[in-house]
file data-v5.cif (mmCIF, C-alpha atoms)
data_start
#
loop_
_atom_site.label_atom_id
_atom_site.label_comp_id
_atom_site.auth_asym_id
_atom_site.auth_seq_id
_atom_site.Cartn_x
_atom_site.Cartn_y
_atom_site.Cartn_z
CA MET A 23 0.00 0.00 0.00
CA ALA A 24 1.38 3.42 -0.94
CA PRO A 25 1.93 5.80 1.97
CA SER A 26 -0.88 8.23 2.65
CA ASN A 27 -0.40 11.96 2.43
CA ASP A 28 -0.12 11.88 6.21
CA SER A 29 2.83 9.46 6.15
CA ASP A 30 4.78 9.60 9.42
CA ARG A 31 2.33 12.03 11.02
CA HIS A 32 2.52 9.97 14.19
CA PRO A 33 6.03 8.51 14.46
CA GLY A 34 6.61 6.58 17.65
CA ARG A 35 2.97 5.77 18.28
CA VAL A 36 2.05 2.09 18.70
CA ALA A 37 -1.27 0.37 18.04
CA LEU A 38 -2.71 -3.11 18.43
CA VAL A 39 -5.24 -4.24 15.81
CA THR A 40 -7.33 -7.41 16.09
CA GLY A 41 -8.88 -9.11 13.09
CA ALA A 42 -5.84 -7.93 11.15
CA GLY A 43 -5.54 -10.80 8.70
CA ARG A 44 -7.74 -9.24 6.03
CA GLY A 45 -10.58 -6.82 5.36
CA ILE A 46 -10.99 -3.73 7.52
CA GLY A 47 -8.43 -4.99 10.05
CA ALA A 48 -5.68 -5.43 7.46
CA ALA A 49 -6.50 -2.08 5.85
CA THR A 50 -6.28 -0.45 9.28
CA VAL A 51 -2.79 -1.88 9.83
CA ASP A 52 -1.75 -0.57 6.40
CA ARG A 53 -3.09 2.89 7.17
CA LEU A 54 -1.62 3.15 10.64
CA VAL A 55 1.82 2.08 9.40
CA ALA A 56 1.57 4.67 6.62
CA ASP A 57 0.80 7.24 9.31
CA GLY A 58 3.98 6.34 11.21
CA TYR A 59 2.74 3.79 13.76
CA HIS A 60 4.28 0.52 14.77
CA VAL A 61 1.52 -2.09 14.96
CA CYS A 62 0.83 -5.40 16.61
CA ALA A 63 -1.38 -7.18 14.04
CA LEU A 64 -3.40 -9.95 15.63
CA ASP A 65 -5.67 -12.55 14.03
CA ILE A 66 -7.04 -15.99 14.85
CA CYS A 67 -5.71 -17.37 11.51
CA ARG A 68 -7.71 -20.60 11.52
CA GLY A 69 -8.17 -20.74 7.76
CA GLY A 70 -10.94 -23.15 6.75
CA ASP A 71 -11.99 -23.75 10.35
CA VAL A 72 -15.33 -22.10 11.17
CA LEU A 73 -17.49 -21.53 14.23
CA PRO A 74 -21.16 -22.59 14.40
CA GLY A 75 -23.23 -20.62 11.89
CA MET A 76 -20.30 -19.12 9.98
CA GLY A 77 -20.63 -19.52 6.23
CA TYR A 78 -17.10 -18.40 5.36
CA PRO A 79 -13.58 -19.21 6.60
CA PHE A 80 -11.31 -17.20 8.85
CA ALA A 81 -8.19 -15.53 7.53
CA THR A 82 -5.18 -17.82 7.16
CA PRO A 83 -1.65 -17.70 8.57
CA ALA A 84 -0.54 -16.82 5.03
CA ASP A 85 -2.80 -13.75 5.08
CA LEU A 86 -1.18 -12.51 8.27
CA ARG A 87 2.33 -13.27 7.02
CA ALA A 88 1.67 -11.31 3.83
CA LEU A 89 0.56 -8.32 5.89
CA ALA A 90 3.70 -8.50 8.04
CA LEU A 91 5.96 -8.83 5.00
CA ARG A 92 4.54 -5.62 3.54
CA HIS A 93 5.75 -3.67 6.56
CA GLY A 94 8.86 -5.37 7.87
CA ASP A 95 9.87 -4.53 11.43
CA ARG A 96 7.06 -2.00 11.82
CA VAL A 97 4.55 -4.83 12.33
CA LEU A 98 4.53 -7.57 14.94
CA ALA A 99 2.20 -10.31 13.64
CA LEU A 100 0.63 -12.62 16.22
CA GLU A 101 -1.87 -15.44 15.96
CA ALA A 102 -4.36 -15.16 18.82
CA ASP A 103 -8.05 -15.68 19.54
CA VAL A 104 -9.85 -12.62 20.89
CA ARG A 105 -12.18 -14.90 22.85
CA ASP A 106 -9.20 -15.78 25.04
CA ARG A 107 -8.47 -13.01 27.55
CA GLU A 108 -5.09 -14.49 28.46
CA ALA A 109 -4.09 -14.47 24.79
CA LEU A 110 -4.97 -10.76 24.59
CA ASP A 111 -2.98 -10.00 27.75
CA LEU A 112 0.00 -11.84 26.26
CA ALA A 113 -0.33 -9.95 22.96
CA VAL A 114 -0.34 -6.61 24.77
CA ASN A 115 2.73 -7.60 26.77
CA GLN A 116 4.52 -8.74 23.60
CA THR A 117 3.66 -5.40 22.00
CA LEU A 118 5.14 -3.54 24.95
CA ASP A 119 8.24 -5.73 24.90
CA ARG A 120 8.76 -5.12 21.18
CA PHE A 121 7.81 -1.45 20.83
CA GLY A 122 7.98 -0.06 24.37
CA ARG A 123 4.53 1.52 24.56
CA LEU A 124 0.89 1.20 23.48
CA ASP A 125 -1.16 4.19 22.33
CA ALA A 126 -4.17 2.71 20.55
CA ALA A 127 -6.15 -0.51 20.25
CA VAL A 128 -8.54 -1.31 17.43
CA ALA A 129 -10.96 -4.17 18.07
CA ALA A 130 -11.74 -5.10 14.46
CA ALA A 131 -12.15 -8.87 14.90
CA GLY A 132 -15.70 -9.97 14.21
CA VAL A 133 -17.87 -12.57 12.53
CA MET A 134 -21.22 -12.52 10.76
CA VAL A 135 -23.86 -15.20 11.32
CA GLY A 136 -27.49 -14.96 10.28
CA GLY A 137 -30.17 -15.93 7.80
CA GLN A 138 -32.98 -16.93 10.18
CA THR A 139 -35.66 -15.27 12.27
CA GLN A 140 -34.87 -14.58 15.90
CA TRP A 141 -36.97 -17.51 17.09
CA ASP A 142 -35.40 -19.96 14.66
CA THR A 143 -31.79 -18.91 15.34
CA PRO A 144 -29.91 -21.76 17.06
CA ALA A 145 -28.44 -20.92 20.45
CA GLU A 146 -24.97 -21.88 19.25
CA HIS A 147 -25.18 -19.27 16.48
CA LEU A 148 -25.92 -16.58 19.05
CA ASP A 149 -23.05 -17.90 21.16
CA THR A 150 -20.67 -17.53 18.20
CA LEU A 151 -21.62 -13.89 17.76
CA LEU A 152 -21.45 -13.03 21.44
CA ASP A 153 -18.16 -14.88 21.94
CA VAL A 154 -16.33 -13.13 19.10
CA ASN A 155 -18.08 -9.81 18.53
CA VAL A 156 -18.82 -8.95 22.16
CA HIS A 157 -16.35 -10.86 24.33
CA GLY A 158 -13.62 -10.13 21.79
CA VAL A 159 -14.15 -6.38 22.10
CA TRP A 160 -14.49 -6.65 25.88
CA ASN A 161 -11.25 -8.65 26.18
CA THR A 162 -9.33 -6.29 23.90
CA ALA A 163 -10.37 -3.28 25.94
CA ALA A 164 -9.69 -5.00 29.26
CA ALA A 165 -6.21 -6.02 28.13
CA ALA A 166 -5.19 -2.69 26.58
CA ILE A 167 -6.73 0.08 28.67
CA PRO A 168 -4.85 -0.53 31.95
CA HIS A 169 -1.61 -0.11 29.99
CA PHE A 170 -2.93 3.11 28.44
CA LEU A 171 -3.52 4.47 31.91
CA LEU A 172 -0.04 3.47 33.09
CA GLY A 173 1.74 4.63 29.95
CA PRO A 174 3.62 7.85 29.19
CA ASP A 175 0.67 9.64 27.56
CA PRO A 176 -2.80 8.47 28.69
CA ALA A 177 -4.42 11.56 27.17
CA GLY A 178 -3.19 10.45 23.75
CA CYS A 179 -4.50 6.88 24.02
CA ARG A 180 -7.45 5.63 21.99
CA PHE A 181 -9.70 2.56 21.98
CA VAL A 182 -11.72 1.95 18.79
CA ALA A 183 -14.20 -0.89 18.33
CA VAL A 184 -15.63 -1.83 14.95
CA ALA A 185 -19.39 -2.13 15.27
CA SER A 186 -21.73 -2.07 12.25
CA ALA A 187 -24.52 -0.10 10.64
CA SER A 188 -26.71 -2.80 12.21
CA GLY A 189 -25.55 -1.70 15.66
CA GLU A 190 -28.27 0.94 15.82
CA ARG A 191 -31.03 -0.66 13.76
CA GLY A 192 -32.64 -4.00 13.10
CA LEU A 193 -31.98 -5.92 9.89
CA PHE A 194 -34.02 -8.78 8.40
CA HIS A 195 -32.86 -12.20 9.61
CA LEU A 196 -29.86 -10.70 11.41
CA THR A 197 -31.28 -10.23 14.90
CA ALA A 198 -28.42 -11.99 16.70
CA TYR A 199 -25.79 -10.15 14.68
CA ALA A 200 -27.50 -6.82 15.34
CA ALA A 201 -27.70 -7.65 19.05
CA SER A 202 -23.95 -8.32 19.15
CA LYS A 203 -23.15 -5.02 17.44
CA HIS A 204 -25.56 -3.10 19.69
CA ALA A 205 -23.55 -4.59 22.56
CA VAL A 206 -20.29 -3.32 21.04
CA ILE A 207 -21.71 0.21 21.06
CA GLY A 208 -22.82 -0.29 24.65
CA ILE A 209 -19.33 -1.34 25.69
CA VAL A 210 -17.84 1.75 24.06
CA ARG A 211 -20.31 4.11 25.70
CA GLY A 212 -19.67 2.51 29.08
CA LEU A 213 -15.92 2.76 28.58
CA ALA A 214 -16.17 6.44 27.71
CA ALA A 215 -17.99 7.00 31.02
CA ASP A 216 -15.50 4.90 33.00
CA LEU A 217 -12.57 6.78 31.44
CA ALA A 218 -13.91 10.27 32.15
CA GLY A 219 -11.10 12.59 33.19
CA THR A 220 -8.27 10.26 32.12
CA GLY A 221 -7.91 11.57 28.56
CA VAL A 222 -8.20 8.02 27.19
CA THR A 223 -11.05 7.86 24.68
CA ALA A 224 -13.35 5.14 23.37
CA VAL A 225 -15.11 5.22 20.00
CA ALA A 226 -17.33 2.85 18.02
CA MET A 227 -16.93 2.70 14.25
CA SER A 228 -20.01 1.57 12.31
CA PRO A 229 -19.18 0.70 8.69
CA GLY A 230 -21.75 0.19 6.00
CA SER A 231 -21.48 -2.28 3.10
CA THR A 232 -17.73 -2.67 2.73
CA ASN A 233 -16.00 -4.90 0.19
CA THR A 234 -14.91 -7.75 2.47
CA PRO A 235 -15.47 -11.53 2.75
CA MET A 236 -17.96 -10.82 5.55
CA LEU A 237 -20.12 -8.74 3.22
CA GLN A 238 -20.04 -11.50 0.60
CA ALA A 239 -21.27 -13.92 3.29
CA THR A 240 -24.07 -11.50 4.15
CA ALA A 241 -25.07 -11.22 0.49
CA ASP A 242 -25.10 -15.01 0.22
CA LEU A 243 -27.59 -15.20 3.10
CA TYR A 244 -29.96 -12.94 1.19
CA GLY A 245 -29.35 -14.60 -2.16
CA THR A 246 -28.08 -11.35 -3.61
CA THR A 247 -24.80 -9.56 -4.36
CA PRO A 248 -22.62 -7.16 -2.37
CA ALA A 249 -23.37 -4.47 -4.96
CA GLU A 250 -27.09 -4.85 -4.32
CA LEU A 251 -26.53 -4.45 -0.58
CA ALA A 252 -24.53 -1.30 -1.29
CA SER A 253 -27.46 0.14 -3.23
CA HIS A 254 -29.13 0.79 0.13
CA GLN A 255 -26.43 3.39 0.86
CA SER A 256 -26.94 6.84 -0.58
CA LEU A 257 -23.34 6.72 -1.82
CA GLN A 258 -24.60 3.97 -4.17
CA ARG A 259 -21.41 1.93 -4.18
CA LEU A 260 -19.43 -0.47 -2.05
CA LEU A 261 -17.11 1.10 0.48
CA ASN A 262 -13.44 0.18 0.31
CA PRO A 263 -11.75 -1.15 3.47
CA ALA A 264 -9.13 1.60 3.09
CA GLU A 265 -11.88 4.22 3.41
CA ILE A 266 -13.02 2.74 6.72
CA ALA A 267 -9.40 2.42 7.83
CA ALA A 268 -8.81 6.12 7.22
CA THR A 269 -11.69 6.95 9.54
CA ILE A 270 -10.41 4.52 12.16
CA ALA A 271 -6.97 6.16 11.91
CA LEU A 272 -8.52 9.53 12.73
CA ALA A 273 -10.20 8.02 15.79
CA CYS A 274 -6.85 6.53 16.85
CA SER A 275 -4.98 9.81 16.59
CA PRO A 276 -4.38 12.40 19.31
CA GLU A 277 -6.54 14.72 17.20
CA GLY A 278 -9.43 12.26 17.54
CA ALA A 279 -10.07 13.10 21.19
CA ALA A 280 -13.29 14.98 20.45
CA LEU A 281 -14.83 11.76 19.11
CA ASN A 282 -14.88 10.23 22.59
CA GLY A 283 -18.03 8.21 23.24
CA SER A 284 -19.20 8.61 19.67
CA VAL A 285 -20.59 6.16 17.16
CA ILE A 286 -18.94 7.12 13.89
CA ARG A 287 -21.29 6.13 11.07
CA ALA A 288 -18.92 5.40 8.21
CA ASP A 289 -21.78 3.78 6.33
CA GLY A 290 -22.02 5.67 3.06
CA GLY A 291 -25.46 6.96 4.02
CA PHE A 292 -27.00 3.59 4.86
CA GLY A 293 -30.78 3.69 5.07
CA GLN A 294 -31.07 7.33 4.04
#

call {"tool": "encode", "arguments": {"input": "data-v5.cif", "output": "structure tokens"}}
result
Amino acid sequence: MAPSNDSDRHPGRVALVTGAGRGIGAATVDRLVADGYHVCALDICRGGDVLPGMGYPFATPADLRALALRHGDRVLALEADVRDREALDLAVNQTLDRFGRLDAAVAAAGVMVGGQTQWDTPAEHLDTLLDVNVHGVWNTAAAAIPHFLLGPDPAGCRFVAVASASGERGLFHLTAYAASKHAVIGIVRGLAADLAGTGVTAVAMSPGSTNTPMLQATADLYGTTPAELASHQSLQRLLNPAEIAATIALACSPEGAALNGSVIRADGGFGQ
């Protein structure tokens, strides 16, 4: 990825990004590195292995290696499961050992499961969504934020969680997914209250139809195409992961402090 116009705006800053193997997570790593960050890029990397209800595979170890190779020693690539709090604690400690500080954490790991009414949705499908989308965000925050508060610049530290346009509305046959993303927004709003006066901020990012494997899986559930899903956005096109990553980078920056407690709707005008 070519450096952005803001290349090296934030030299010395360090971020941790979950779900970094592909999609919005990988694009976020690319953008943050272009902006001067060192990044711990974390992904489960289980390839063809899936959780109950998932209709698409996870990123692979090769995906994560390719990301790391693009950036050399600016990226520490780790395989870890966000459902495992101890794994997140270890990743944060490895980040500190490698780069000496932690200024931002982006909880981008998430899965999409759906296709049935609320009453027909199997309990294990709901468990998949809550385990990854909710517990994953919770664990990432719980592992990173204490180190923000103990670090050299708490007022410059940022927590960003990737929610969804469905996090504030209901979508047909996606009740469990919507519930998990509503919970992500609730976590962020609670964090912003808990962090009052520290300078550390928490923000939820709600993308619309973005060109990722997860969107393709959503389109498959509806028997349609990603482009058709994007037609519900007033922008009338698919969003690119790099566009979402640019917005996440703003939320991660010292200049993003005013976004504290916000839900940033990077959804191309979804539902308007």

call {"tool": "residues_near_point", "arguments": {"input": "data-v5.cif", "point": "(-19.2, 3.6, 10.2)", "cutoff": "9 Å", "atoms": "all atoms listed in the file", "output": "ChimeraX atom specification"}}
result
/A:184-187,226-230,266,269,285-290

call {"tool": "residues_around", "arguments": {"input": "data-v5.cif", "residues": "range 159-167 of chain A", "least_positions_apart": "6", "cutoff": "8 Å", "atoms": "all atoms listed in the file", "output": "VMD selection string"}}
result
chain A and resid 104 to 107 110 to 111 114 124 127 129 131 181 183 206 209

call {"tool": "residues_around", "arguments": {"input": "data-v5.cif", "residues": "Ala215 in chain A", "least_positions_apart": "6", "cutoff": "12 Å", "atoms": "all atoms listed in the file", "output": "list of chain:residue names"}}
result
A:Gly208, A:Ile209, A:Gly221, A:Val222, A:Thr223, A:Ala224, A:Val225, A:Asn282, A:Gly283, A:Ser284

call {"tool": "resolve_selection", "arguments": {"input": "data-v5.cif", "expression": "the PyMOL selection byres ((chain A and resi 64-76) around 9)", "output": "ChimeraX atom specification"}}
result
/A:38-44,47,62-63,77-86,98-104,113,131,133-136,144,146-150,239

call {"tool": "resolve_selection", "arguments": {"input": "data-v5.cif", "expression": "the PyMOL selection byres ((chain A and resi 194) around 12)", "output": "MDAnalysis selection string"}}
result
chainID A and resid 136:140 188 191:193 195:200 240 243:244

call {"tool": "atom_distance", "arguments": {"input": "data-v5.cif", "atom1": "CA of Asp175 in chain A", "atom2": "CA of Ser275 in chain A"}}
result
12.3 Å

call {"tool": "atom_distance", "arguments": {"input": "data-v5.cif", "atom1": "CA of Ala37 in chain A", "atom2": "CA of Ala126 in chain A"}}
result
4.5 Å

call {"tool": "axis_aligned_box", "arguments": {"input": "data-v5.cif", "around": "range 34-49 of chain A", "padding_each_side": "5 Å", "output": "lines of an AutoDock Vina configuration file"}}
result
center_x = -2.2
center_y = -2.1
center_z = 12.0
size_x = 27.6
size_y = 27.4
size_z = 23.3

call {"tool": "residues_around", "arguments": {"input": "data-v5.cif", "residues": "Pro33 in chain A", "least_positions_apart": "2", "cutoff": "7 Å", "atoms": "only C-alpha atoms", "output": "PyMOL selection string"}}
result
chain A and resi 30-31+35+58-59

call {"tool": "closest_residue", "arguments": {"input": "data-v5.cif", "among": "A:Leu213, A:Val97, A:Ala201, A:Ala273", "to": "Thr117 in chain A", "atoms": "all atoms listed in the file"}}
result
A:Val97

call {"tool": "resolve_selection", "arguments": {"input": "data-v5.cif", "expression": "the PyMOL selection byres ((chain A and resi 49) around 10)", "output": "list in words"}}
result
Met23, Ala42, Gly43, Arg44, Gly45, Ile46, Gly47, Ala48, Thr50, Val51, Asp52, Arg53, Leu54, Val55, Leu89, Asn262, Pro263, Ala264, Glu265, Ile266, Ala267, Ala268 and Ile270 of chain A

call {"tool": "write_last_selection", "arguments": {"input": "data-v5.cif", "atoms": "C-alpha atoms", "output": "PDB file, keeping the file's coordinate frame"}}
result
ATOM      1  CA  MET A  23       0.000   0.000   0.000  1.00  0.00           C
ATOM      2  CA  ALA A  42      -5.840  -7.930  11.150  1.00  0.00           C
ATOM      3  CA  GLY A  43      -5.540 -10.800   8.700  1.00  0.00           C
ATOM      4  CA  ARG A  44      -7.740  -9.240   6.030  1.00  0.00           C
ATOM      5  CA  GLY A  45     -10.580  -6.820   5.360  1.00  0.00           C
ATOM      6  CA  ILE A  46     -10.990  -3.730   7.520  1.00  0.00           C
ATOM      7  CA  GLY A  47      -8.430  -4.990  10.050  1.00  0.00           C
ATOM      8  CA  ALA A  48      -5.680  -5.430   7.460  1.00  0.00           C
ATOM      9  CA  THR A  50      -6.280  -0.450   9.280  1.00  0.00           C
ATOM     10  CA  VAL A  51      -2.790  -1.880   9.830  1.00  0.00           C
ATOM     11  CA  ASP A  52      -1.750  -0.570   6.400  1.00  0.00           C
ATOM     12  CA  ARG A  53      -3.090   2.890   7.170  1.00  0.00           C
ATOM     13  CA  LEU A  54      -1.620   3.150  10.640  1.00  0.00           C
ATOM     14  CA  VAL A  55       1.820   2.080   9.400  1.00  0.00           C
ATOM     15  CA  LEU A  89       0.560  -8.320   5.890  1.00  0.00           C
ATOM     16  CA  ASN A 262     -13.440   0.180   0.310  1.00  0.00           C
ATOM     17  CA  PRO A 263     -11.750  -1.150   3.470  1.00  0.00           C
ATOM     18  CA  ALA A 264      -9.130   1.600   3.090  1.00  0.00           C
ATOM     19  CA  GLU A 265     -11.880   4.220   3.410  1.00  0.00           C
ATOM     20  CA  ILE A 266     -13.020   2.740   6.720  1.00  0.00           C
ATOM     21  CA  ALA A 267      -9.400   2.420   7.830  1.00  0.00           C
ATOM     22  CA  ALA A 268      -8.810   6.120   7.220  1.00  0.00           C
ATOM     23  CA  ILE A 270     -10.410   4.520  12.160  1.00  0.00           C
TER      24      ILE A 270
END

call {"tool": "atom_distance", "arguments": {"input": "data-v5.cif", "atom1": "CA of Gly158 in chain A", "atom2": "CA of Glu108 in chain A"}}
result
11.7 Å

call {"tool": "closest_residue", "arguments": {"input": "data-v5.cif", "among": "A:Leu272, A:Ala130, A:Met236, A:Leu152", "to": "Pro248 in chain A", "atoms": "only C-alpha atoms"}}
result
A:Met236

call {"tool": "closest_residue", "arguments": {"input": "data-v5.cif", "among": "A:His60, A:Arg180, A:Arg211, A:Arg120", "to": "Glu277 in chain A", "atoms": "all atoms listed in the file"}}
result
A:Arg180

call {"tool": "closest_residue", "arguments": {"input": "data-v5.cif", "among": "A:Ala214, A:Ala252, A:Leu91, A:Leu257", "to": "Leu281 in chain A", "atoms": "only C-alpha atoms"}}
result
A:Ala214

call {"tool": "decode", "arguments": {"input": "data-v5.cif", "residues": "range 125-135 of chain A", "atoms": "all heavy atoms", "output": "PDB file, in the first residue's frame"}}
result
ATOM      1  N   ASP A 125      -0.377   2.955  22.394  1.00  0.00           N
ATOM      2  CA  ASP A 125      -1.157   4.194  22.327  1.00  0.00           C
ATOM      3  C   ASP A 125      -2.575   3.999  21.825  1.00  0.00           C
ATOM      4  O   ASP A 125      -3.432   4.864  22.055  1.00  0.00           O
ATOM      5  CB  ASP A 125      -0.455   5.190  21.395  1.00  0.00           C
ATOM      6  CG  ASP A 125       0.956   5.503  21.845  1.00  0.00           C
ATOM      7  OD1 ASP A 125       1.111   6.345  22.744  1.00  0.00           O
ATOM      8  OD2 ASP A 125       1.895   4.884  21.311  1.00  0.00           O
ATOM      9  N   ALA A 126      -2.836   2.907  21.119  1.00  0.00           N
ATOM     10  CA  ALA A 126      -4.171   2.707  20.552  1.00  0.00           C
ATOM     11  C   ALA A 126      -4.443   1.222  20.401  1.00  0.00           C
ATOM     12  O   ALA A 126      -3.525   0.427  20.184  1.00  0.00           O
ATOM     13  CB  ALA A 126      -4.284   3.391  19.187  1.00  0.00           C
ATOM     14  N   ALA A 127      -5.710   0.861  20.511  1.00  0.00           N
ATOM     15  CA  ALA A 127      -6.147  -0.513  20.248  1.00  0.00           C
ATOM     16  C   ALA A 127      -7.399  -0.457  19.394  1.00  0.00           C
ATOM     17  O   ALA A 127      -8.340   0.290  19.697  1.00  0.00           O
ATOM     18  CB  ALA A 127      -6.415  -1.254  21.556  1.00  0.00           C
ATOM     19  N   VAL A 128      -7.407  -1.240  18.336  1.00  0.00           N
ATOM     20  CA  VAL A 128      -8.543  -1.307  17.428  1.00  0.00           C
ATOM     21  C   VAL A 128      -9.102  -2.721  17.469  1.00  0.00           C
ATOM     22  O   VAL A 128      -8.432  -3.673  17.043  1.00  0.00           O
ATOM     23  CB  VAL A 128      -8.143  -0.948  15.984  1.00  0.00           C
ATOM     24  CG1 VAL A 128      -9.361  -1.026  15.057  1.00  0.00           C
ATOM     25  CG2 VAL A 128      -7.521   0.436  15.931  1.00  0.00           C
ATOM     26  N   ALA A 129     -10.305  -2.864  17.986  1.00  0.00           N
ATOM     27  CA  ALA A 129     -10.961  -4.168  18.067  1.00  0.00           C
ATOM     28  C   ALA A 129     -11.771  -4.371  16.793  1.00  0.00           C
ATOM     29  O   ALA A 129     -12.954  -4.044  16.715  1.00  0.00           O
ATOM     30  CB  ALA A 129     -11.854  -4.234  19.297  1.00  0.00           C
ATOM     31  N   ALA A 130     -11.096  -4.915  15.766  1.00  0.00           N
ATOM     32  CA  ALA A 130     -11.739  -5.105  14.459  1.00  0.00           C
ATOM     33  C   ALA A 130     -12.163  -6.548  14.221  1.00  0.00           C
ATOM     34  O   ALA A 130     -12.835  -6.820  13.220  1.00  0.00           O
ATOM     35  CB  ALA A 130     -10.798  -4.651  13.346  1.00  0.00           C
ATOM     36  N   ALA A 131     -11.769  -7.469  15.089  1.00  0.00           N
ATOM     37  CA  ALA A 131     -12.149  -8.869  14.904  1.00  0.00           C
ATOM     38  C   ALA A 131     -13.652  -9.026  15.062  1.00  0.00           C
ATOM     39  O   ALA A 131     -14.250  -8.511  16.011  1.00  0.00           O
ATOM     40  CB  ALA A 131     -11.419  -9.747  15.915  1.00  0.00           C
ATOM     41  N   GLY A 132     -14.261  -9.734  14.136  1.00  0.00           N
ATOM     42  CA  GLY A 132     -15.701  -9.966  14.210  1.00  0.00           C
ATOM     43  C   GLY A 132     -16.129 -11.008  13.202  1.00  0.00           C
ATOM     44  O   GLY A 132     -15.417 -11.291  12.236  1.00  0.00           O
ATOM     45  N   VAL A 133     -17.301 -11.591  13.451  1.00  0.00           N
ATOM     46  CA  VAL A 133     -17.866 -12.566  12.527  1.00  0.00           C
ATOM     47  C   VAL A 133     -19.311 -12.201  12.247  1.00  0.00           C
ATOM     48  O   VAL A 133     -19.943 -11.455  13.000  1.00  0.00           O
ATOM     49  CB  VAL A 133     -17.788 -14.004  13.089  1.00  0.00           C
ATOM     50  CG1 VAL A 133     -16.340 -14.437  13.262  1.00  0.00           C
ATOM     51  CG2 VAL A 133     -18.548 -14.124  14.407  1.00  0.00           C
ATOM     52  N   MET A 134     -19.828 -12.742  11.141  1.00  0.00           N
ATOM     53  CA  MET A 134     -21.222 -12.520  10.760  1.00  0.00           C
ATOM     54  C   MET A 134     -21.911 -13.870  10.650  1.00  0.00           C
ATOM     55  O   MET A 134     -21.436 -14.767   9.956  1.00  0.00           O
ATOM     56  CB  MET A 134     -21.279 -11.759   9.427  1.00  0.00           C
ATOM     57  CG  MET A 134     -22.611 -11.079   9.137  1.00  0.00           C
ATOM     58  SD  MET A 134     -23.941 -12.211   8.729  1.00  0.00           S
ATOM     59  CE  MET A 134     -23.251 -13.065   7.323  1.00  0.00           C
ATOM     60  N   VAL A 135     -23.019 -14.004  11.372  1.00  0.00           N
ATOM     61  CA  VAL A 135     -23.858 -15.201  11.324  1.00  0.00           C
ATOM     62  C   VAL A 135     -25.295 -14.723  11.222  1.00  0.00           C
ATOM     63  O   VAL A 135     -25.680 -13.762  11.890  1.00  0.00           O
ATOM     64  CB  VAL A 135     -23.673 -16.067  12.592  1.00  0.00           C
ATOM     65  CG1 VAL A 135     -24.636 -17.239  12.594  1.00  0.00           C
ATOM     66  CG2 VAL A 135     -22.234 -16.567  12.702  1.00  0.00           C
TER      67      VAL A 135
END
